file input_36.tsv (TSV, C-alpha atoms and all ligand atoms)
chain	number	residue	atom	x	y	z
A	777	MET	CA	0.00	0.00	0.00
A	778	THR	CA	1.27	3.41	-0.83
A	779	GLU	CA	-1.72	5.46	0.26
A	780	THR	CA	-0.63	9.00	1.04
A	781	ASP	CA	-3.80	10.70	2.21
A	782	ASP	CA	-3.94	9.82	5.87
A	783	SER	CA	-6.35	12.47	7.05
A	784	LYS	CA	-9.02	11.37	9.52
A	785	LYS	CA	-11.28	14.36	9.29
A	786	ILE	CA	-11.81	14.91	5.61
A	787	PRO	CA	-9.57	16.58	4.42
A	788	VAL	CA	-7.73	17.79	7.55
A	789	GLU	CA	-4.61	15.86	8.54
A	790	LYS	CA	-4.73	13.78	11.72
A	791	SER	CA	-1.51	13.11	13.55
A	792	ALA	CA	-2.37	10.24	15.94
A	793	GLY	CA	-1.31	6.88	14.62
A	794	ASP	CA	0.79	8.44	11.88
A	795	ALA	CA	4.20	7.45	13.23
A	796	PRO	CA	6.33	6.10	10.41
A	797	GLN	CA	6.21	2.36	10.15
A	798	GLU	CA	10.02	2.13	10.16
A	799	ALA	CA	9.96	3.54	13.69
A	800	ALA	CA	7.85	0.65	14.94
A	801	GLU	CA	10.24	-1.73	16.61
A	802	ALA	CA	10.01	-5.42	16.04
A	803	ALA	CA	8.49	-6.88	19.17
A	804	PRO	CA	8.94	-10.42	20.42
A	805	PRO	CA	5.72	-12.36	19.68
A	806	THR	CA	3.37	-12.03	22.59
A	807	ALA	CA	-0.22	-13.09	23.03
A	808	ALA	CA	-1.07	-10.13	25.27
A	809	PRO	CA	-2.76	-7.18	23.56
A	810	ALA	CA	-0.06	-4.57	22.97
A	811	ALA	CA	0.25	-2.52	26.14
A	812	ALA	CA	0.69	1.19	25.55
A	813	GLY	CA	-0.57	4.42	27.06
A	814	PRO	CA	-3.18	4.83	29.76
A	815	GLU	CA	-5.52	2.22	31.25
A	816	PRO	CA	-8.01	1.09	28.62
A	817	LEU	CA	-11.57	2.35	28.84
A	818	LEU	CA	-12.77	-1.02	27.58
A	819	ARG	CA	-10.95	-4.33	27.97
A	820	VAL	CA	-12.27	-7.34	26.08
A	821	ARG	CA	-10.83	-10.82	26.62
A	822	GLY	CA	-11.78	-14.10	24.98
A	823	LEU	CA	-15.17	-12.72	23.94
A	824	VAL	CA	-17.51	-15.38	22.53
A	825	ARG	CA	-21.07	-15.26	21.20
A	826	HIS	CA	-22.49	-18.47	19.80
A	827	PHE	CA	-26.12	-18.41	18.61
A	828	PRO	CA	-27.67	-21.85	19.18
A	829	ILE	CA	-29.33	-23.58	16.22
A	830	THR	CA	-32.28	-25.63	17.40
A	831	LYS	CA	-34.42	-28.26	15.73
A	832	GLY	CA	-37.85	-29.80	16.30
A	833	LEU	CA	-40.59	-29.12	18.79
A	834	LEU	CA	-38.29	-29.70	21.72
A	835	LYS	CA	-35.86	-27.17	20.34
A	836	ARG	CA	-32.95	-29.55	20.61
A	837	GLN	CA	-29.66	-27.72	19.97
A	838	VAL	CA	-28.04	-29.14	16.85
A	839	GLY	CA	-25.27	-26.61	16.36
A	840	ALA	CA	-24.27	-22.99	16.82
A	841	VAL	CA	-23.46	-19.95	14.73
A	842	GLN	CA	-20.02	-18.96	15.96
A	843	ALA	CA	-20.61	-15.25	15.34
A	844	VAL	CA	-17.84	-14.07	17.68
A	845	ASP	CA	-15.38	-16.70	18.70
A	846	GLY	CA	-12.73	-15.59	21.18
A	847	ILE	CA	-11.57	-12.03	20.56
A	848	ASP	CA	-9.23	-9.84	22.62
A	849	PHE	CA	-8.83	-6.09	22.33
A	850	ASP	CA	-8.60	-2.88	24.33
A	851	VAL	CA	-10.11	0.51	23.59
A	852	ARG	CA	-8.05	3.39	24.91
A	853	PRO	CA	-9.59	6.64	26.17
A	854	GLY	CA	-9.99	9.22	23.41
A	855	GLU	CA	-9.13	6.94	20.51
A	856	THR	CA	-11.17	5.67	17.59
A	857	LEU	CA	-10.93	1.94	17.05
A	858	GLY	CA	-12.14	0.96	13.60
A	859	VAL	CA	-13.53	-2.55	13.11
A	860	VAL	CA	-13.63	-3.87	9.58
A	861	GLY	CA	-14.42	-7.14	7.83
A	862	GLU	CA	-16.72	-8.75	5.28
A	863	SER	CA	-20.43	-9.13	5.83
A	864	GLY	CA	-21.27	-11.75	8.45
A	865	CYS	CA	-17.86	-11.77	10.16
A	866	GLY	CA	-19.37	-10.75	13.52
A	867	LYS	CA	-18.85	-6.97	13.67
A	868	SER	CA	-22.39	-6.04	14.74
A	869	THR	CA	-22.55	-8.93	17.19
A	870	MET	CA	-19.32	-7.68	18.76
A	871	GLY	CA	-20.78	-4.13	18.93
A	872	ARG	CA	-23.93	-5.39	20.64
A	873	LEU	CA	-21.85	-7.37	23.13
A	874	ILE	CA	-19.58	-4.52	24.19
A	875	THR	CA	-22.57	-2.21	24.69
A	876	ARG	CA	-24.23	-5.12	26.53
A	877	LEU	CA	-27.31	-5.04	24.29
A	878	ASP	CA	-26.54	-8.75	24.05
A	879	GLU	CA	-24.93	-11.13	26.55
A	880	PRO	CA	-21.75	-13.03	25.71
A	881	THR	CA	-21.53	-16.81	25.72
A	882	GLY	CA	-17.99	-16.57	27.07
A	883	GLY	CA	-15.08	-14.26	27.84
A	884	SER	CA	-15.11	-10.95	29.68
A	885	ILE	CA	-15.80	-7.26	29.13
A	886	GLU	CA	-14.47	-4.61	31.52
A	887	PHE	CA	-15.55	-0.99	31.32
A	888	GLU	CA	-13.36	1.40	33.32
A	889	GLY	CA	-11.94	-1.59	35.16
A	890	ARG	CA	-15.37	-2.96	36.14
A	891	ASP	CA	-16.51	-6.38	34.92
A	892	ILE	CA	-19.80	-5.85	33.06
A	893	THR	CA	-19.89	-9.22	31.26
A	894	HIS	CA	-22.98	-10.62	32.95
A	895	LEU	CA	-24.51	-7.64	34.76
A	896	SER	CA	-28.31	-7.69	34.84
A	897	GLN	CA	-30.26	-4.99	32.97
A	898	GLY	CA	-30.98	-3.23	36.27
A	899	ARG	CA	-27.33	-3.13	37.29
A	900	LEU	CA	-26.32	-2.08	33.77
A	901	ARG	CA	-28.43	1.06	33.99
A	902	PRO	CA	-25.72	3.42	35.28
A	903	MET	CA	-23.32	2.12	32.63
A	904	ARG	CA	-25.86	2.80	29.88
A	905	ARG	CA	-25.20	6.52	30.38
A	906	ASP	CA	-21.53	6.06	29.60
A	907	VAL	CA	-21.81	3.70	26.64
A	908	GLN	CA	-24.06	4.57	23.71
A	909	MET	CA	-24.67	3.14	20.28
A	910	ILE	CA	-25.27	4.78	16.91
A	911	PHE	CA	-27.06	2.46	14.51
A	912	GLN	CA	-26.58	1.80	10.82
A	913	ASP	CA	-30.07	2.52	9.60
A	914	PRO	CA	-31.08	6.17	10.08
A	915	TYR	CA	-34.55	5.30	8.77
A	916	GLY	CA	-35.36	2.28	10.93
A	917	SER	CA	-33.69	3.43	14.15
A	918	LEU	CA	-35.98	6.45	14.71
A	919	ASN	CA	-39.58	5.85	15.75
A	920	PRO	CA	-41.71	7.51	13.01
A	921	ARG	CA	-44.52	8.34	15.45
A	922	HIS	CA	-42.32	10.35	17.80
A	923	THR	CA	-41.19	13.93	17.32
A	924	ILE	CA	-37.49	14.73	17.12
A	925	GLY	CA	-37.79	16.29	20.56
A	926	GLY	CA	-39.30	13.08	21.92
A	927	ILE	CA	-36.63	10.90	20.29
A	928	VAL	CA	-33.59	12.90	21.39
A	929	GLY	CA	-35.12	13.40	24.84
A	930	THR	CA	-35.77	9.66	25.40
A	931	PRO	CA	-32.44	8.92	27.17
A	932	PHE	CA	-33.24	11.58	29.82
A	933	ARG	CA	-36.60	9.94	30.53
A	934	LEU	CA	-35.17	6.42	30.56
A	935	GLN	CA	-32.44	7.37	33.00
A	936	GLY	CA	-34.60	9.74	35.05
A	937	VAL	CA	-32.17	12.61	34.41
A	938	GLU	CA	-33.34	16.22	34.51
A	939	PRO	CA	-30.77	18.35	32.70
A	940	GLU	CA	-30.11	21.90	33.84
A	941	GLY	CA	-32.65	24.16	32.15
A	942	GLY	CA	-34.99	21.27	31.36
A	943	VAL	CA	-35.18	18.53	28.74
A	944	LYS	CA	-36.46	20.74	25.92
A	945	LYS	CA	-33.66	23.26	26.23
A	946	GLU	CA	-31.05	20.51	26.39
A	947	VAL	CA	-32.50	18.69	23.37
A	948	GLN	CA	-32.45	21.93	21.39
A	949	ARG	CA	-28.82	22.46	22.40
A	950	LEU	CA	-28.02	18.91	21.20
A	951	LEU	CA	-29.78	19.56	17.89
A	952	GLU	CA	-27.60	22.62	17.39
A	953	LEU	CA	-24.51	20.65	18.38
A	954	VAL	CA	-25.09	18.20	15.52
A	955	GLY	CA	-25.83	20.94	13.00
A	956	LEU	CA	-29.64	20.91	13.10
A	957	SER	CA	-31.99	23.72	14.08
A	958	PRO	CA	-33.70	23.98	17.49
A	959	GLU	CA	-36.89	24.56	15.48
A	960	HIS	CA	-36.76	20.92	14.39
A	961	TYR	CA	-37.90	19.95	17.90
A	962	ASN	CA	-41.56	19.37	16.96
A	963	ARG	CA	-40.97	17.76	13.56
A	964	TYR	CA	-41.17	14.05	12.67
A	965	PRO	CA	-38.44	11.77	11.24
A	966	HIS	CA	-40.07	11.52	7.77
A	967	GLU	CA	-39.45	15.24	7.30
A	968	PHE	CA	-35.68	14.71	7.31
A	969	SER	CA	-33.09	13.40	4.86
A	970	GLY	CA	-30.92	10.36	5.63
A	971	GLY	CA	-27.95	12.53	6.68
A	972	GLN	CA	-30.16	14.65	8.95
A	973	ARG	CA	-31.67	11.53	10.50
A	974	GLN	CA	-28.23	10.20	11.26
A	975	ARG	CA	-27.48	13.54	12.98
A	976	ILE	CA	-30.62	13.01	15.07
A	977	GLY	CA	-29.35	9.52	16.00
A	978	ILE	CA	-26.01	11.05	16.98
A	979	ALA	CA	-27.74	13.74	19.10
A	980	ARG	CA	-29.70	11.00	20.91
A	981	ALA	CA	-26.50	8.99	21.51
A	982	LEU	CA	-24.76	12.06	22.96
A	983	ALA	CA	-27.64	13.18	25.20
A	984	LEU	CA	-26.25	11.67	28.39
A	985	LYS	CA	-22.64	12.70	27.70
A	986	PRO	CA	-21.31	9.17	27.13
A	987	LYS	CA	-17.67	8.22	27.36
A	988	LEU	CA	-17.77	5.48	24.74
A	989	VAL	CA	-19.80	5.57	21.53
A	990	VAL	CA	-20.10	2.41	19.45
A	991	ALA	CA	-21.19	3.28	15.91
A	992	ASP	CA	-22.32	0.35	13.75
A	993	GLU	CA	-21.94	1.32	10.09
A	994	PRO	CA	-22.89	4.93	10.90
A	995	VAL	CA	-22.61	6.20	7.32
A	996	SER	CA	-23.06	3.18	5.09
A	997	ALA	CA	-26.71	4.02	4.32
A	998	LEU	CA	-25.79	7.56	3.25
A	999	ASP	CA	-24.66	9.14	-0.04
A	1000	VAL	CA	-20.90	9.60	-0.31
A	1001	SER	CA	-21.14	13.41	-0.02
A	1002	ILE	CA	-23.28	13.14	3.11
A	1003	GLN	CA	-20.95	10.44	4.52
A	1004	ALA	CA	-18.13	13.01	4.64
A	1005	GLN	CA	-20.33	15.50	6.54
A	1006	VAL	CA	-21.35	12.94	9.14
A	1007	VAL	CA	-17.78	11.62	9.53
A	1008	ASN	CA	-16.50	15.18	10.02
A	1009	LEU	CA	-19.27	15.89	12.53
A	1010	MET	CA	-18.35	12.79	14.53
A	1011	ASP	CA	-14.71	13.86	14.45
A	1012	ASP	CA	-15.54	17.39	15.69
A	1013	LEU	CA	-17.73	15.98	18.47
A	1014	GLN	CA	-14.97	13.60	19.53
A	1015	GLU	CA	-12.59	16.51	19.97
A	1016	GLU	CA	-15.14	18.76	21.65
A	1017	LEU	CA	-16.56	16.19	24.04
A	1018	GLY	CA	-13.53	13.92	24.55
A	1019	LEU	CA	-15.38	10.90	23.17
A	1020	THR	CA	-13.96	7.45	22.57
A	1021	TYR	CA	-15.28	5.66	19.50
A	1022	VAL	CA	-15.56	2.11	18.25
A	1023	ILE	CA	-16.60	2.50	14.62
A	1024	ILE	CA	-17.73	-0.55	12.67
A	1025	ALA	CA	-17.71	-0.52	8.87
A	1026	HIS	CA	-17.08	-2.80	5.97
A	1027	ASP	CA	-15.83	0.09	3.86
A	1028	LEU	CA	-12.06	0.41	4.25
A	1029	SER	CA	-11.93	3.93	2.85
A	1030	VAL	CA	-14.33	5.16	5.57
A	1031	ILE	CA	-12.41	3.23	8.24
A	1032	ARG	CA	-9.14	4.75	7.06
A	1033	HIS	CA	-10.49	8.26	7.55
A	1034	VAL	CA	-11.93	7.75	10.99
A	1035	SER	CA	-9.63	5.35	12.86
A	1036	ASP	CA	-6.55	5.65	15.04
A	1037	ARG	CA	-6.27	1.86	15.27
A	1038	ILE	CA	-7.99	-0.82	13.23
A	1039	ALA	CA	-9.11	-4.36	14.02
A	1040	VAL	CA	-9.71	-6.64	11.04
A	1041	MET	CA	-12.24	-9.41	11.64
A	1042	TYR	CA	-12.72	-12.65	9.73
A	1043	LEU	CA	-15.33	-15.27	10.64
A	1044	GLY	CA	-15.66	-14.31	14.29
A	1045	LYS	CA	-11.95	-13.70	14.93
A	1046	ILE	CA	-9.68	-10.66	14.98
A	1047	VAL	CA	-6.94	-11.51	12.47
A	1048	GLU	CA	-5.00	-8.24	12.64
A	1049	LEU	CA	-4.95	-5.23	14.97
A	1050	ALA	CA	-2.67	-2.25	14.41
A	1051	ASP	CA	-2.28	1.52	14.19
A	1052	ARG	CA	-3.96	2.80	11.06
A	1053	LYS	CA	-0.77	3.76	9.25
A	1054	ALA	CA	1.00	0.50	10.06
A	1055	LEU	CA	-2.01	-1.47	8.86
A	1056	TYR	CA	-2.38	0.41	5.58
A	1057	ASP	CA	1.35	0.64	4.83
A	1058	SER	CA	2.43	-2.82	5.97
A	1059	PRO	CA	-0.51	-5.19	6.37
A	1060	MET	CA	0.65	-8.50	7.82
A	1061	HIS	CA	-2.37	-10.74	7.38
A	1062	PRO	CA	-3.04	-11.98	3.83
A	1063	TYR	CA	-6.74	-11.22	4.39
A	1064	THR	CA	-5.98	-7.59	5.26
A	1065	LYS	CA	-3.77	-7.37	2.20
A	1066	ALA	CA	-6.57	-8.70	0.02
A	1067	LEU	CA	-9.12	-6.28	1.54
A	1068	LEU	CA	-6.79	-3.32	1.02
A	1069	SER	CA	-6.05	-4.33	-2.55
A	1070	ALA	CA	-9.74	-3.89	-3.33
A	1071	VAL	CA	-9.93	-0.27	-2.04
A	1072	PRO	CA	-10.30	2.12	-4.99
A	1073	VAL	CA	-7.25	4.35	-5.51
A	1074	PRO	CA	-8.02	7.69	-7.17
A	1075	ASP	CA	-4.52	8.10	-8.70
A	1076	PRO	CA	-4.43	6.04	-11.97
A	1077	LYS	CA	-0.63	5.65	-11.80
A	1078	ARG	CA	-0.75	4.11	-8.36
A	1079	ARG	CA	-3.76	2.07	-9.36
A	1080	THR	CA	-1.81	0.29	-12.09
A	1081	GLN	CA	1.13	-0.27	-9.74
A	1082	ARG	CA	-0.98	-2.11	-7.23
A	1083	ASP	CA	-1.95	-5.74	-7.65
A	1084	ARG	CA	-5.56	-6.55	-6.97
A	1085	ILE	CA	-5.85	-9.75	-4.94
A	1086	LEU	CA	-9.01	-11.62	-5.78
A	1087	LEU	CA	-10.06	-13.90	-2.96
A	1088	LYS	CA	-11.20	-17.30	-4.15
A	1089	GLY	CA	-14.44	-18.84	-2.94
A	1090	ASP	CA	-17.04	-17.53	-0.50
A	1091	VAL	CA	-16.69	-16.82	3.19
A	1092	PRO	CA	-17.18	-20.23	4.88
A	1093	SER	CA	-20.16	-20.75	7.17
A	1094	PRO	CA	-19.73	-19.62	10.79
A	1095	ILE	CA	-21.71	-22.74	11.75
A	1096	ASN	CA	-18.90	-25.02	10.68
A	1097	PRO	CA	-15.78	-22.89	10.23
A	1098	PRO	CA	-12.54	-24.37	8.81
A	1099	SER	CA	-10.12	-26.04	11.24
A	1100	GLY	CA	-6.89	-24.26	12.15
A	1101	CYS	CA	-6.79	-20.84	10.53
A	1102	ARG	CA	-10.29	-19.86	9.42
A	1103	PHE	CA	-8.93	-17.95	6.43
A	1104	ARG	CA	-6.90	-20.88	5.08
A	1105	THR	CA	-9.55	-22.03	2.57
A	1106	ARG	CA	-9.16	-18.73	0.71
A	1107	CYS	CA	-5.47	-18.05	1.42
A	1108	TRP	CA	-2.75	-18.39	-1.21
A	1109	LYS	CA	-0.11	-18.94	1.50
A	1110	ALA	CA	-1.87	-21.76	3.36
A	1111	THR	CA	0.17	-24.81	4.41
A	1112	GLU	CA	-0.50	-27.97	6.41
A	1113	GLU	CA	0.18	-26.06	9.65
A	1114	CYS	CA	-2.70	-23.69	8.82
A	1115	THR	CA	-5.10	-26.66	8.65
A	1116	THR	CA	-4.05	-28.19	11.93
A	1117	THR	CA	-3.14	-25.25	14.17
A	1118	GLU	CA	-5.06	-22.08	14.85
A	1119	PRO	CA	-2.65	-19.12	14.75
A	1120	PRO	CA	-2.91	-16.98	17.91
A	1121	LEU	CA	-3.14	-13.18	17.69
A	1122	VAL	CA	0.40	-12.05	18.60
A	1123	ALA	CA	2.31	-8.77	18.39
A	1124	LEU	CA	5.07	-9.10	15.79
A	1125	ARG	CA	5.86	-5.40	16.03
A	1126	THR	CA	5.08	-3.06	18.89
A	1127	GLY	CA	1.35	-2.41	18.73
A	1128	HIS	CA	0.88	-4.53	15.60
A	1129	GLN	CA	-0.80	-7.88	16.21
A	1130	VAL	CA	-1.54	-10.55	13.66
A	1131	ALA	CA	-2.94	-14.09	13.72
A	1132	CYS	CA	-1.11	-15.82	10.86
A	1133	HIS	CA	1.49	-18.58	10.43
A	1134	HIS	CA	2.91	-16.89	7.33
A	1135	PRO	CA	2.56	-13.14	7.84
A	1136	GLU	CA	3.42	-10.59	5.17
A	1137	ASN	CA	5.76	-7.67	5.97
A	1138	ALA	CA	6.93	-9.45	9.13
A	1139	PRO	CA	10.14	-8.29	10.83
A	1140	ASN	CA	13.22	-10.10	9.44
A	1141	ASP	CA	13.64	-12.48	12.34
A	1142	GLN	CA	10.23	-14.05	11.70
A	1201	LIG	N1	-29.64	-13.29	16.61
A	1201	LIG	C1	-28.97	-14.10	15.80
A	1201	LIG	N2	-29.28	-15.41	15.71
A	1201	LIG	C2	-28.58	-16.26	14.92
A	1201	LIG	N3	-27.53	-15.90	14.17
A	1201	LIG	C3	-27.16	-14.61	14.21
A	1201	LIG	C4	-27.84	-13.64	15.02
A	1201	LIG	N4	-27.25	-12.42	14.86
A	1201	LIG	C5	-26.24	-12.63	13.99
A	1201	LIG	N5	-26.18	-13.93	13.60
A	1201	LIG	C6	-25.20	-14.53	12.69
A	1201	LIG	O1	-23.92	-14.23	13.19
A	1201	LIG	C7	-23.01	-13.96	12.14
A	1201	LIG	C8	-22.41	-12.58	12.35
A	1201	LIG	O2	-23.43	-11.61	12.16
A	1201	LIG	P1	-23.16	-10.05	12.31
A	1201	LIG	O3	-24.46	-9.36	12.10
A	1201	LIG	O4	-22.46	-9.81	13.60
A	1201	LIG	O5	-22.15	-9.78	11.10
A	1201	LIG	P2	-21.60	-8.39	10.53
A	1201	LIG	O6	-20.12	-8.53	10.46
A	1201	LIG	O7	-22.14	-7.27	11.33
A	1201	LIG	O8	-22.21	-8.38	9.04
A	1201	LIG	P3	-22.71	-7.13	8.16
A	1201	LIG	O9	-21.45	-6.47	7.61
A	1201	LIG	O10	-23.51	-7.78	7.08
A	1201	LIG	O11	-23.51	-6.21	9.02
A	1201	LIG	C9	-23.81	-14.08	10.85
A	1201	LIG	O12	-23.59	-15.38	10.32
A	1201	LIG	C10	-25.24	-13.91	11.30
A	1201	LIG	O13	-26.12	-14.62	10.45
A	1202	MG	MG	-23.39	-5.65	10.84

call {"tool": "encode", "arguments": {"input": "input_36.tsv", "output": "C-alpha cells", "more": "lines below"}}
Ligand SMILES: Nc1ncnc2c1ncn2[C@@H]1O[C@H](COP(=O)(O)OP(=O)(O)OP(=O)(O)O)[C@@H](O)[C@H]1O
Ligand SMILES: [Mg+2]
result
Amino acid sequence: MTETDDSKKIPVEKSAGDAPQEAAEAAPPTAAPAAAGPEPLLRVRGLVRHFPITKGLLKRQVGAVQAVDGIDFDVRPGETLGVVGESGCGKSTMGRLITRLDEPTGGSIEFEGRDITHLSQGRLRPMRRDVQMIFQDPYGSLNPRHTIGGIVGTPFRLQGVEPEGGVKKEVQRLLELVGLSPEHYNRYPHEFSGGQRQRIGIARALALKPKLVVADEPVSALDVSIQAQVVNLMDDLQEELGLTYVIIAHDLSVIRHVSDRIAVMYLGKIVELADRKALYDSPMHPYTKALLSAVPVPDPKRRTQRDRILLKGDVPSPINPPSGCRFRTRCWKATEECTTTEPPLVALRTGHQVACHHPENAPNDQ
C-alpha cells in the first residue's frame, strides 16, 4: 500500500497513529494485547457469542453460529478503534456485546476496570449513560410516530435525568450541536433526509454525555457526499466532548479516515490489529492485504502499480468454520500447519498484532 492521504477528518490531517512504520520496533511475539498508554476504557478478553441452532418441537440444539469466537482487544480513552471485515464476520454482534445489548456466551468485558460481562439490565443502567450506540439505519432506528424532541429526549426519561434548564432546552442544544436547528424539535423523522436523520441519531446517543460511543456502520446508508459530513461531525464531536469511538464498517476507505487503530475481523476472529498507518502501509495478514487491494485508488498511476488480490471462494459458514486458521480455505499462502493449528493473535511489532502462520511484511527475524 502506498496510500498517502492519511487524514481522519476529511480533508484535515490527523496526527495520531501516523508514526512512520520504520519507527515501529520489532516486538517479540506475545499473546497479550499490545500494552501502551493509559488504562483502557474497555478491555475485552476471549469474547464469545455463539447463537444456538435448534431443531424440532423440543428445540434440541443441533449446532451454533459462531458469530464471535474468542476475541481480545482494548479501547483506549480518546481513541477511535475501527472494526472492519466482510459481511457476516461478527462486527455487529461484537458491537452489541460490548454495549451489553446482548450477553456473551464466554469471555469478559471490563468498562473502566469494572466487569460488566454478565450484569443484569438493572445493574447495567448506570453504565448505559456512559456507553451509547449509533445504529446503521437512520430510517429504521428512529420511531416515526415520535417527534425529534421526543426521540432525542428519550435517554433523559429512561435514566430519570433532569438536565439543567430542562429537557427541551437541552434537546435543542443537542440539535444545534449536531448541525440541526432547534426549530426541528416538533418535527417528525419523515421530514428529514438520511444525513439529517443520522445527525438526530447522533444527538440522541450524545444526550447523556457518554464516554464510549459504538457506531455500527454509521454512514453506510448515506450518499458519499453526506458520509463526509457525518464523519467530520463525529470527528468534531470527539474533539469537543472527549469521546472514545468504536466504529464498525465494511468500507475500508471510511475506516481509514476515521480510525486511530484498526481491528480486522474474519469469521468471528480478529486476524489483525494495528495503528492505522501500520495497517495500511504494511498489512501483515493476507486477508488484510486482500481487503486493502480492493480499495479504490483515485490516482491512476498508483492504481496500475498495485496488484488486486481476488479472494477465491465464498466466506465459509460460521456454523462449521474451517479447522486451524479460518482464512486458510481462501489463502494463497496456506500450508499444512494452517489446517491443523489455529494461529494466535500475537504482536510481531510493537502495537501490531496478527494471527497468521505466514505473515506478510513481518520483521526479518520471523
Ligand atoms: N440473533 C442471531 N441469531 C442467529 N444468528 C445470528 C444472530 N445475529 C447474527 N447472527 C449470525 O452471526 C453472524 C455474524 O453476524 P453479524 O451481524 O455480527 O455480522 P456483521 O459482520 O455485522 O455483518 P454485516 O457487515 O452484514 O452487518 C452471521 O452469520 C449472522 O447470520
Ligand atoms: Mg453488521

call {"tool": "residues_near_ligand", "arguments": {"input": "input_36.tsv", "ligand": "ligand MG 1202 (chain A)", "cutoff": "8 Å", "atoms": "all atoms listed in the file", "output": "ChimeraX atom specification"}}
result
/A:863-864,866-869,992-993,1024-1025

call {"tool": "residues_near_ligand", "arguments": {"input": "input_36.tsv", "ligand": "ligand LIG 1201 (chain A)", "cutoff": "10 Å", "atoms": "all atoms listed in the file", "output": "MDAnalysis selection string"}}
result
chainID A and resid 825:829 840:844 859:873 878 912 992:993 1024:1027 1041:1044 1092:1095

call {"tool": "atom_distance", "arguments": {"input": "input_36.tsv", "atom1": "CA of Ala1070 (chain A)", "atom2": "CA of Ala997 (chain A)"}}
result
20.2 Å

call {"tool": "residues_around", "arguments": {"input": "input_36.tsv", "residues": "Arg819 (chain A)", "least_positions_apart": "2", "cutoff": "9 Å", "atoms": "only C-alpha atoms", "output": "list in words"}}
result
Pro816, Leu817, Arg821, Asp848, Phe849, Asp850, Val851, Arg852, Ser884, Ile885, Glu886, Phe887, Glu888 and Gly889 of chain A

call {"tool": "atom_distance", "arguments": {"input": "input_36.tsv", "atom1": "CA of Lys1053 (chain A)", "atom2": "CA of Ile978 (chain A)"}}
result
27.4 Å

call {"tool": "closest_residue", "arguments": {"input": "input_36.tsv", "among": "A:Leu998, A:Ala983, A:His960, A:Val947", "to": "Gln935 (chain A)", "atoms": "all atoms listed in the file"}}
result
A:Ala983

call {"tool": "atom_distance", "arguments": {"input": "input_36.tsv", "atom1": "CA of Gly846 (chain A)", "atom2": "CA of Arg904 (chain A)"}}
result
24.2 Å

call {"tool": "residues_around", "arguments": {"input": "input_36.tsv", "residues": "region 1097-1112 of chain A", "least_positions_apart": "3", "cutoff": "7 Å", "atoms": "only C-alpha atoms", "output": "JSON, numbers by chain"}}
result
{"A": [1043, 1062, 1087, 1088, 1089, 1092, 1093, 1094, 1115, 1116, 1117, 1118, 1119, 1134]}

call {"tool": "closest_residue", "arguments": {"input": "input_36.tsv", "among": "A:Val1047, A:Val838, A:Val907, A:Leu857", "to": "Arg876 (chain A)", "atoms": "all atoms listed in the file"}}
result
A:Val907

call {"tool": "closest_residue", "arguments": {"input": "input_36.tsv", "among": "A:Glu1048, A:Asp906, A:Glu940, A:Glu879", "to": "Tyr1021 (chain A)", "atoms": "all atoms listed in the file"}}
result
A:Asp906

call {"tool": "residues_around", "arguments": {"input": "input_36.tsv", "residues": "Tyr961 (chain A)", "least_positions_apart": "3", "cutoff": "6 Å", "atoms": "all atoms listed in the file", "output": "ChimeraX atom specification"}}
result
/A:924-925,958

call {"tool": "closest_residue", "arguments": {"input": "input_36.tsv", "among": "A:Ser917, A:Thr1126, A:Gln837, A:Asn962", "to": "Ala981 (chain A)", "atoms": "only C-alpha atoms"}}
result
A:Ser917

call {"tool": "closest_residue", "arguments": {"input": "input_36.tsv", "among": "A:Ser1035, A:Thr881, A:Gln972, A:Asn919", "to": "Asp999 (chain A)", "atoms": "all atoms listed in the file"}}
result
A:Gln972

call {"tool": "residues_near_point", "arguments": {"input": "input_36.tsv", "point": "(-43.3, 11.9, 6.5)", "cutoff": "12 Å", "atoms": "all atoms listed in the file", "output": "number ranges by chain"}}
result
A: 915, 919-923, 963-969

call {"tool": "residues_around", "arguments": {"input": "input_36.tsv", "residues": "Ser1029 (chain A)", "least_positions_apart": "2", "cutoff": "10 Å", "atoms": "all atoms listed in the file", "output": "list in words"}}
result
Ala1025, His1026, Asp1027, Ile1031, Arg1032, His1033, Val1034, Leu1068, Val1071, Pro1072 and Val1073 of chain A
